[in-house]
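Chemist: Below is the file upload.tsv, which contains TSV, C-alpha atoms.
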chain	number	residue	atom	x	y	z
Q	1	MET	CA	9.28	25.04	7.90
Q	2	ILE	CA	6.36	22.61	7.49
Q	3	THR	CA	6.66	22.73	3.70
Q	4	LEU	CA	10.40	22.06	3.83
Q	5	LEU	CA	9.99	19.09	6.16
Q	6	ALA	CA	7.11	17.69	4.09
Q	7	THR	CA	9.33	17.94	1.00
Q	8	ILE	CA	12.17	16.12	2.77
Q	9	PHE	CA	9.83	13.27	3.74
Q	10	PHE	CA	8.48	13.24	0.16
Q	11	VAL	CA	12.00	12.76	-1.23
Q	12	PHE	CA	12.62	10.06	1.37
Q	13	GLY	CA	9.43	8.37	0.18
Q	14	LEU	CA	10.65	8.50	-3.43
Q	15	ILE	CA	13.80	6.64	-2.40
Q	16	ILE	CA	11.84	4.01	-0.48
Q	17	GLY	CA	9.42	3.74	-3.41
Q	18	SER	CA	12.35	2.89	-5.68
Q	19	PHE	CA	13.24	0.02	-3.35
Q	20	LEU	CA	9.60	-1.11	-3.23
Q	21	ASN	CA	9.70	-1.40	-7.02
Q	22	VAL	CA	12.57	-3.86	-6.64
Q	23	VAL	CA	10.59	-5.87	-4.06
Q	24	ILE	CA	7.50	-5.97	-6.30
Q	25	ALA	CA	9.51	-7.01	-9.36
Q	26	ARG	CA	11.52	-9.73	-7.59
Q	27	LEU	CA	8.93	-11.09	-5.16
Q	28	ASN	CA	8.27	-14.82	-5.73
Q	29	THR	CA	11.12	-15.03	-8.22
Q	30	GLU	CA	14.56	-16.59	-7.82
Q	31	ARG	CA	16.20	-13.17	-7.65
Q	32	SER	CA	17.16	-11.69	-4.28
Q	33	PHE	CA	16.17	-8.20	-3.21
Q	34	GLY	CA	19.84	-7.19	-3.13
Q	35	GLY	CA	22.27	-6.85	-6.01
Q	36	ARG	CA	22.43	-4.46	-8.94
Q	37	SER	CA	19.29	-3.54	-10.85
Q	38	ALA	CA	19.06	-4.45	-14.51
Q	39	CYS	CA	16.76	-3.85	-17.47
Q	40	MET	CA	13.92	-6.37	-17.53
Q	41	SER	CA	14.28	-6.76	-21.32
Q	42	CYS	CA	18.00	-6.77	-22.20
Q	43	ARG	CA	19.31	-7.55	-18.68
Q	44	SER	CA	21.96	-4.81	-18.93
Q	45	THR	CA	23.08	-3.50	-15.54
Q	46	LEU	CA	21.74	-0.03	-14.82
Q	47	CYS	CA	24.11	2.83	-14.03
Q	48	TRP	CA	23.60	5.06	-10.98
Q	49	TYR	CA	22.12	7.89	-13.06
Q	50	GLU	CA	19.47	5.48	-14.37
Q	51	LEU	CA	18.33	4.74	-10.83
Q	52	ILE	CA	17.48	8.22	-9.56
Q	53	PRO	CA	13.88	7.96	-8.33
Q	54	LEU	CA	11.38	9.59	-10.69
Q	55	ILE	CA	13.98	11.80	-12.42
Q	56	SER	CA	15.65	8.97	-14.34
Q	57	PHE	CA	12.34	7.75	-15.78
Q	58	PHE	CA	11.53	11.13	-17.34
Q	59	ALA	CA	15.14	11.85	-18.31
Q	60	LEU	CA	15.21	8.56	-20.24
Q	61	ARG	CA	11.72	9.27	-21.61
Q	62	GLY	CA	10.44	6.02	-20.18
Q	63	ARG	CA	12.80	3.79	-22.15
Q	64	CYS	CA	15.90	1.71	-21.42
Q	65	ARG	CA	19.11	3.56	-22.32
Q	66	THR	CA	20.59	0.39	-23.88
Q	67	CYS	CA	17.81	-1.45	-25.73
Q	68	LYS	CA	15.22	1.35	-25.90
Q	69	SER	CA	12.48	-0.95	-24.61
Q	70	LYS	CA	9.62	0.77	-22.81
Q	71	ILE	CA	9.83	1.02	-19.02
Q	72	SER	CA	6.58	0.33	-17.21
Q	73	SER	CA	4.83	3.44	-15.90
Q	74	ILE	CA	4.21	1.49	-12.69
Q	75	TYR	CA	7.74	2.38	-11.54
Q	76	PRO	CA	7.27	6.17	-11.30
Q	77	ILE	CA	3.72	5.70	-10.02
Q	78	VAL	CA	4.96	3.59	-7.10
Q	79	GLU	CA	7.69	6.13	-6.33
Q	80	LEU	CA	5.28	9.06	-6.48
Q	81	THR	CA	2.66	7.25	-4.41
Q	82	THR	CA	5.18	6.33	-1.73
Q	83	GLY	CA	6.50	9.89	-1.72
Q	84	PHE	CA	3.03	11.34	-1.19
Q	85	ILE	CA	2.25	8.79	1.52
Q	86	PHE	CA	5.46	9.56	3.42
Q	87	SER	CA	4.80	13.28	3.17
Q	88	ALA	CA	1.16	12.84	4.23
Q	89	LEU	CA	2.20	10.77	7.25
Q	90	PHE	CA	4.46	13.59	8.39
Q	91	LEU	CA	1.64	16.12	8.00
Q	92	LYS	CA	-0.71	13.87	9.98
Q	93	PHE	CA	1.72	13.55	12.88
Q	94	GLN	CA	3.41	16.96	12.62
Q	95	ASP	CA	2.14	18.00	16.06
Q	96	VAL	CA	3.82	14.96	17.56
Q	97	PHE	CA	7.01	15.83	15.67
Q	98	PHE	CA	7.27	19.24	17.34
Q	99	PHE	CA	6.09	17.95	20.73
Q	100	ASN	CA	8.28	14.85	21.09
Q	101	THR	CA	10.69	13.79	18.36
Q	102	LEU	CA	11.28	10.34	19.86
Q	103	ILE	CA	7.57	9.47	19.97
Q	104	PHE	CA	7.23	10.80	16.42
Q	105	SER	CA	10.10	8.58	15.28
Q	106	PHE	CA	8.44	5.43	16.63
Q	107	THR	CA	5.06	6.43	15.23
Q	108	TYR	CA	6.33	7.45	11.82
Q	109	ALA	CA	8.56	4.39	11.40
Q	110	TYR	CA	5.67	2.04	12.18
Q	111	TYR	CA	3.12	3.58	9.84
Q	112	ALA	CA	5.69	4.16	7.09
Q	113	LEU	CA	6.51	0.44	7.27
Q	114	MET	CA	2.86	-0.59	7.23
Q	115	PHE	CA	1.87	1.59	4.30
Q	116	SER	CA	5.01	0.62	2.36
Q	117	LEU	CA	3.92	-2.98	2.80
Q	118	LEU	CA	0.44	-2.05	1.60
Q	119	VAL	CA	1.89	-0.38	-1.51
Q	120	VAL	CA	3.70	-3.63	-2.35
Q	121	ILE	CA	0.53	-5.66	-1.77
Q	122	GLY	CA	-1.65	-3.33	-3.85
Q	123	VAL	CA	0.69	-3.14	-6.84
Q	124	TYR	CA	1.47	-6.87	-6.75
Q	125	ASP	CA	-2.25	-7.68	-6.75
Q	126	PHE	CA	-2.81	-5.21	-9.59
Q	127	LYS	CA	-0.10	-6.88	-11.69
Q	128	HIS	CA	-0.70	-10.54	-10.86
Q	129	LYS	CA	-4.25	-10.59	-9.40
Q	130	ILE	CA	-3.10	-12.38	-6.27
Q	131	ILE	CA	-2.06	-11.33	-2.77
Q	132	PRO	CA	0.93	-13.33	-1.49
Q	133	ASP	CA	0.07	-14.98	1.82
Q	134	ILE	CA	3.44	-14.02	3.28
Q	135	LEU	CA	2.67	-10.30	2.84
Q	136	SER	CA	-0.76	-10.62	4.46
Q	137	LEU	CA	0.82	-12.59	7.30
Q	138	VAL	CA	3.50	-9.94	7.90
Q	139	LEU	CA	0.85	-7.19	7.79
Q	140	GLY	CA	-1.30	-9.12	10.26
Q	141	ILE	CA	1.60	-9.73	12.66
Q	142	PHE	CA	2.70	-6.10	12.70
Q	143	GLY	CA	-0.92	-4.93	12.84
Q	144	PHE	CA	-1.53	-7.10	15.91
Q	145	ILE	CA	1.69	-5.91	17.59
Q	146	GLY	CA	0.65	-2.32	16.86
Q	147	LEU	CA	-2.49	-2.82	18.98
Q	148	PHE	CA	-0.26	-2.74	22.07
Q	149	PHE	CA	1.88	0.26	21.09
Q	150	PHE	CA	-0.17	2.71	19.01
Q	151	ASN	CA	-3.49	4.51	19.20
Q	152	ASP	CA	-5.13	7.23	17.11
Q	153	TYR	CA	-2.57	9.78	18.27
Q	154	GLY	CA	0.62	7.78	17.76
Q	155	PHE	CA	2.97	5.77	19.96
Q	156	TYR	CA	1.18	4.93	23.21
Q	157	PRO	CA	1.88	1.55	24.90
Q	158	HIS	CA	-1.35	0.18	26.36
Q	159	VAL	CA	-3.51	-2.90	26.76
Q	160	PRO	CA	-5.97	-3.08	23.82
Q	161	SER	CA	-9.70	-3.41	24.44
Q	162	ILE	CA	-11.66	-6.50	23.44
Q	163	LEU	CA	-13.10	-4.61	20.48
Q	164	GLU	CA	-9.58	-3.71	19.31
Q	165	PHE	CA	-8.58	-7.37	19.53
Q	166	LEU	CA	-11.61	-8.40	17.48
Q	167	SER	CA	-11.44	-5.59	14.90
Q	168	GLY	CA	-9.30	-7.56	12.45
Q	169	LEU	CA	-11.54	-10.63	12.52
Q	170	LEU	CA	-14.74	-8.57	12.36
Q	171	ILE	CA	-13.52	-6.79	9.22
Q	172	ALA	CA	-12.39	-10.06	7.62
Q	173	VAL	CA	-15.63	-12.03	8.23
Q	174	PRO	CA	-17.73	-10.34	5.46
Q	175	PHE	CA	-14.95	-10.91	2.91
Q	176	ALA	CA	-14.69	-14.56	3.95
Q	177	LEU	CA	-18.47	-14.96	3.62
Q	178	PHE	CA	-18.39	-13.42	0.13
Q	179	TRP	CA	-15.69	-15.93	-0.80
Q	180	ILE	CA	-17.63	-18.89	0.63
Q	181	VAL	CA	-21.04	-17.98	-0.80
Q	182	SER	CA	-19.70	-17.18	-4.28
Q	183	SER	CA	-17.14	-20.02	-4.35
Q	184	GLY	CA	-14.47	-17.40	-4.96
Q	185	THR	CA	-16.15	-15.63	-7.89
Q	186	TRP	CA	-17.13	-12.42	-6.03
Q	187	MET	CA	-14.13	-12.07	-3.76
Q	188	GLY	CA	-10.82	-13.86	-3.31
Q	189	LEU	CA	-9.80	-15.37	0.00
Q	190	GLY	CA	-6.68	-13.21	-0.15
Q	191	ASP	CA	-8.84	-10.13	0.44
Q	192	ALA	CA	-10.18	-11.67	3.65
Q	193	LYS	CA	-6.63	-12.40	4.85
Q	194	LEU	CA	-5.60	-8.85	4.02
Q	195	ALA	CA	-8.62	-7.41	5.85
Q	196	ILE	CA	-7.44	-8.94	9.16
Q	197	GLY	CA	-4.31	-6.78	9.18
Q	198	LEU	CA	-6.23	-3.73	8.00
Q	199	GLY	CA	-8.73	-4.09	10.81
Q	200	TRP	CA	-5.96	-4.20	13.41
Q	201	LEU	CA	-4.14	-1.33	11.75
Q	202	LEU	CA	-7.11	1.06	11.62
Q	203	GLY	CA	-9.47	-0.09	14.34
Q	204	LEU	CA	-13.07	-1.09	13.67
Q	205	SER	CA	-14.59	2.32	12.90
Q	206	ARG	CA	-11.95	3.54	10.46
Q	207	ALA	CA	-11.59	0.08	8.91
Q	208	LEU	CA	-15.33	-0.09	8.18
Q	209	SER	CA	-15.14	3.38	6.67
Q	210	GLY	CA	-12.14	2.38	4.56
Q	211	VAL	CA	-13.94	-0.72	3.27
Q	212	MET	CA	-17.00	1.34	2.36
Q	213	VAL	CA	-14.87	3.89	0.48
Q	214	ALA	CA	-13.08	1.01	-1.27
Q	215	PHE	CA	-16.38	-0.44	-2.50
Q	216	TRP	CA	-17.51	2.98	-3.72
Q	217	ILE	CA	-14.28	3.59	-5.63
Q	218	GLY	CA	-14.22	0.02	-6.95
Q	219	ALA	CA	-17.81	0.28	-8.18
Q	220	ILE	CA	-17.15	3.57	-9.97
Q	221	VAL	CA	-13.94	2.35	-11.61
Q	222	GLY	CA	-15.41	-1.06	-12.44
Q	223	LEU	CA	-18.50	0.41	-14.13
Q	224	SER	CA	-16.34	2.91	-16.01
Q	225	LEU	CA	-14.13	0.11	-17.34
Q	226	VAL	CA	-17.17	-1.91	-18.44
Q	227	ILE	CA	-18.71	1.08	-20.21
Q	228	PHE	CA	-15.66	2.69	-21.76
Q	229	SER	CA	-13.11	-0.11	-22.17
Q	230	LYS	CA	-13.40	-2.82	-24.80
Q	231	LYS	CA	-11.01	-5.05	-22.83
Q	232	HIS	CA	-13.30	-5.33	-19.81
Q	233	GLY	CA	-16.72	-6.92	-19.50
Q	234	MET	CA	-19.09	-7.80	-16.68
Q	235	LYS	CA	-17.16	-11.04	-16.06
Q	236	SER	CA	-13.72	-9.45	-16.07
Q	237	GLU	CA	-11.56	-10.11	-13.02
Q	238	ILE	CA	-10.68	-6.87	-11.25
Q	239	PRO	CA	-8.26	-6.99	-8.29
Q	240	PHE	CA	-9.86	-5.45	-5.21
Q	241	ALA	CA	-6.79	-5.02	-2.98
Q	242	PRO	CA	-5.71	-1.70	-4.59
Q	243	TYR	CA	-9.14	-0.18	-3.82
Q	244	LEU	CA	-9.13	-1.65	-0.33
Q	245	ILE	CA	-5.70	-0.17	0.35
Q	246	LEU	CA	-6.70	3.22	-1.10
Q	247	GLY	CA	-9.77	3.23	1.15
Q	248	THR	CA	-7.54	2.33	4.10
Q	249	LEU	CA	-5.17	5.19	3.36
Q	250	LEU	CA	-7.99	7.73	3.04
Q	251	ALA	CA	-9.69	6.52	6.23
Q	252	PHE	CA	-6.39	6.75	8.11
Q	253	LEU	CA	-5.23	10.13	6.86
Q	254	PHE	CA	-8.60	11.87	7.12
Q	255	GLU	CA	-9.88	10.03	10.21
Q	256	LEU	CA	-13.01	8.76	8.48
Q	257	HIS	CA	-15.65	7.46	10.87
Q	258	LEU	CA	-18.67	6.98	8.61
Q	259	PHE	CA	-20.38	4.69	11.10
Could you show the structure in this file as structure tokens?
Modeler:
Amino acid sequence: MITLLATIFFVFGLIIGSFLNVVIARLNTERSFGGRSACMSCRSTLCWYELIPLISFFALRGRCRTCKSKISSIYPIVELTTGFIFSALFLKFQDVFFFNTLIFSFTYAYYALMFSLLVVIGVYDFKHKIIPDILSLVLGIFGFIGLFFFNDYGFYPHVPSILEFLSGLLIAVPFALFWIVSSGTWMGLGDAKLAIGLGWLLGLSRALSGVMVAFWIGAIVGLSLVIFSKKHGMKSEIPFAPYLILGTLLAFLFELHLF
């Protein structure tokens, strides 16, 4: 039963991931998020069987059916990542699902929305090395609203503590200081803006743990790129948001409280 439900949520995540790809590709362009999808190279409109999440990419061998241009591997990665996240969220709150379906629905919808937004932010920063202010603002707004309606166990309307109110700002302050001291060379201001929403989403303890894990992963990947990749040097610009979001996900799913 659990496996079947987890699979259903995984498939649902694949479908949402396909939509997130559209958002990432069209964000800050003149194209709307609606309308038919088309090849980025030849602009030919895609048929329905070219839009099946994950399956179409491998069926077409990663190339456009019309012009044979290569399709970015980011598309299936986003779909797979979203699928795993949606399945993992169900597994995290499965007890709530069997106890009260309505509470589970509120809880799942909120965190699915938040982590979908984080997927968009992480991939957009990876591609363009910038975090759109509008996405950080939306994350911050929903993160602040969530303080009043969710706790570690799911949907639970309550009045947040002072520490919960301050968690977003306390997480953001170190990033802002890094940006000020280094004049933007160590850390971008966008990371500080993002950290506000992450702090409110996770709470202080888990957010600190997520940031620590992010720095560990970032350091390992960064050093590996410097050592093994000819394209990257010590002065190469590496977007930090993907690591920060990965650390956030791990801290949330596994309830990391390193401090």
Chemist: Pick out the residues sitting within 7 Å of segment 2-16 of chain Q, and hand them over as a PyMOL selection string; count all atoms listed in the file, and ignore anything fewer than 5 positions along from it in its own chain.
Modeler: chain Q and resi 53+79-80+82-84+86-87+90-91
Chemist: For the selection just defined, write its residues with C-alpha atoms to a file, as a short mmCIF file (atom, residue, chain, number, x, y, z; two decimals), in the frame of the given file.
Modeler:
data_model
loop_
_atom_site.label_atom_id
_atom_site.label_comp_id
_atom_site.auth_asym_id
_atom_site.auth_seq_id
_atom_site.Cartn_x
_atom_site.Cartn_y
_atom_site.Cartn_z
CA PRO Q 53 13.88 7.96 -8.33
CA GLU Q 79 7.69 6.13 -6.33
CA LEU Q 80 5.28 9.06 -6.48
CA THR Q 82 5.18 6.33 -1.73
CA GLY Q 83 6.50 9.89 -1.72
CA PHE Q 84 3.03 11.34 -1.19
CA PHE Q 86 5.46 9.56 3.42
CA SER Q 87 4.80 13.28 3.17
CA PHE Q 90 4.46 13.59 8.39
CA LEU Q 91 1.64 16.12 8.00
#
Chemist: What does the distance from atom CA of Val123 of chain Q to atom CA of Cys64 of chain Q come to in Å, to one decimal?
Modeler: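 Atom CA of Cys64 of chain Q lies 21.6 Å from atom CA of Val123 of chain Q.
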Chemist: At most 8 Å is the cut-off: for each residue in segment 84-192 of chain Q with any atom that close to an atom of segment 252-259 of chain Q, write down the nearest atom pair and the distance in Å rounded to one decimal, counting all atoms listed in the file, chain first then increasing number, as JSON lines.
Modeler:
{"residue": "Q:Ala88", "atom": "CA", "partner": "Q:Leu253", "partner_atom": "CA", "distance": 7.4}
{"residue": "Q:Leu89", "atom": "CA", "partner": "Q:Leu253", "partner_atom": "CA", "distance": 7.5}
{"residue": "Q:Lys92", "atom": "CA", "partner": "Q:Leu253", "partner_atom": "CA", "distance": 6.6}
Chemist: Take the selection from the previous step and output its residues with C-alpha atoms, as a short mmCIF file (atom, residue, chain, number, x, y, z; two decimals), in the frame of the given file.
Modeler:
data_model
loop_
_atom_site.label_atom_id
_atom_site.label_comp_id
_atom_site.auth_asym_id
_atom_site.auth_seq_id
_atom_site.Cartn_x
_atom_site.Cartn_y
_atom_site.Cartn_z
CA ALA Q 88 1.16 12.84 4.23
CA LEU Q 89 2.20 10.77 7.25
CA LYS Q 92 -0.71 13.87 9.98
#
Chemist: I'd like to know which of Q:Asp191, Q:Asn151, Q:Ile227, Q:Val96 is closest to Pro242 of chain Q, using all atoms listed in the file.
Modeler: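 Closest to Pro242 of chain Q of all the choices is Q:Asp191.
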Chemist: Would you list the residues near (22.0, 12.6, -18.9) (no more than 9 Å away, in the coordinates of the file, using all atoms listed in the file) as an NGL selection string?
Modeler: :Q and (49-50 or 56 or 59-60)
Chemist: Which is closer to Leu204 of chain Q than all the others in Q:Thr248, Q:Ser37, Q:Ser69, Q:Ser183, using only C-alpha atoms?
Modeler: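 Of Q:Thr248, Q:Ser37, Q:Ser69, Q:Ser183, the one nearest Leu204 of chain Q is Q:Thr248, counting only C-alpha atoms.
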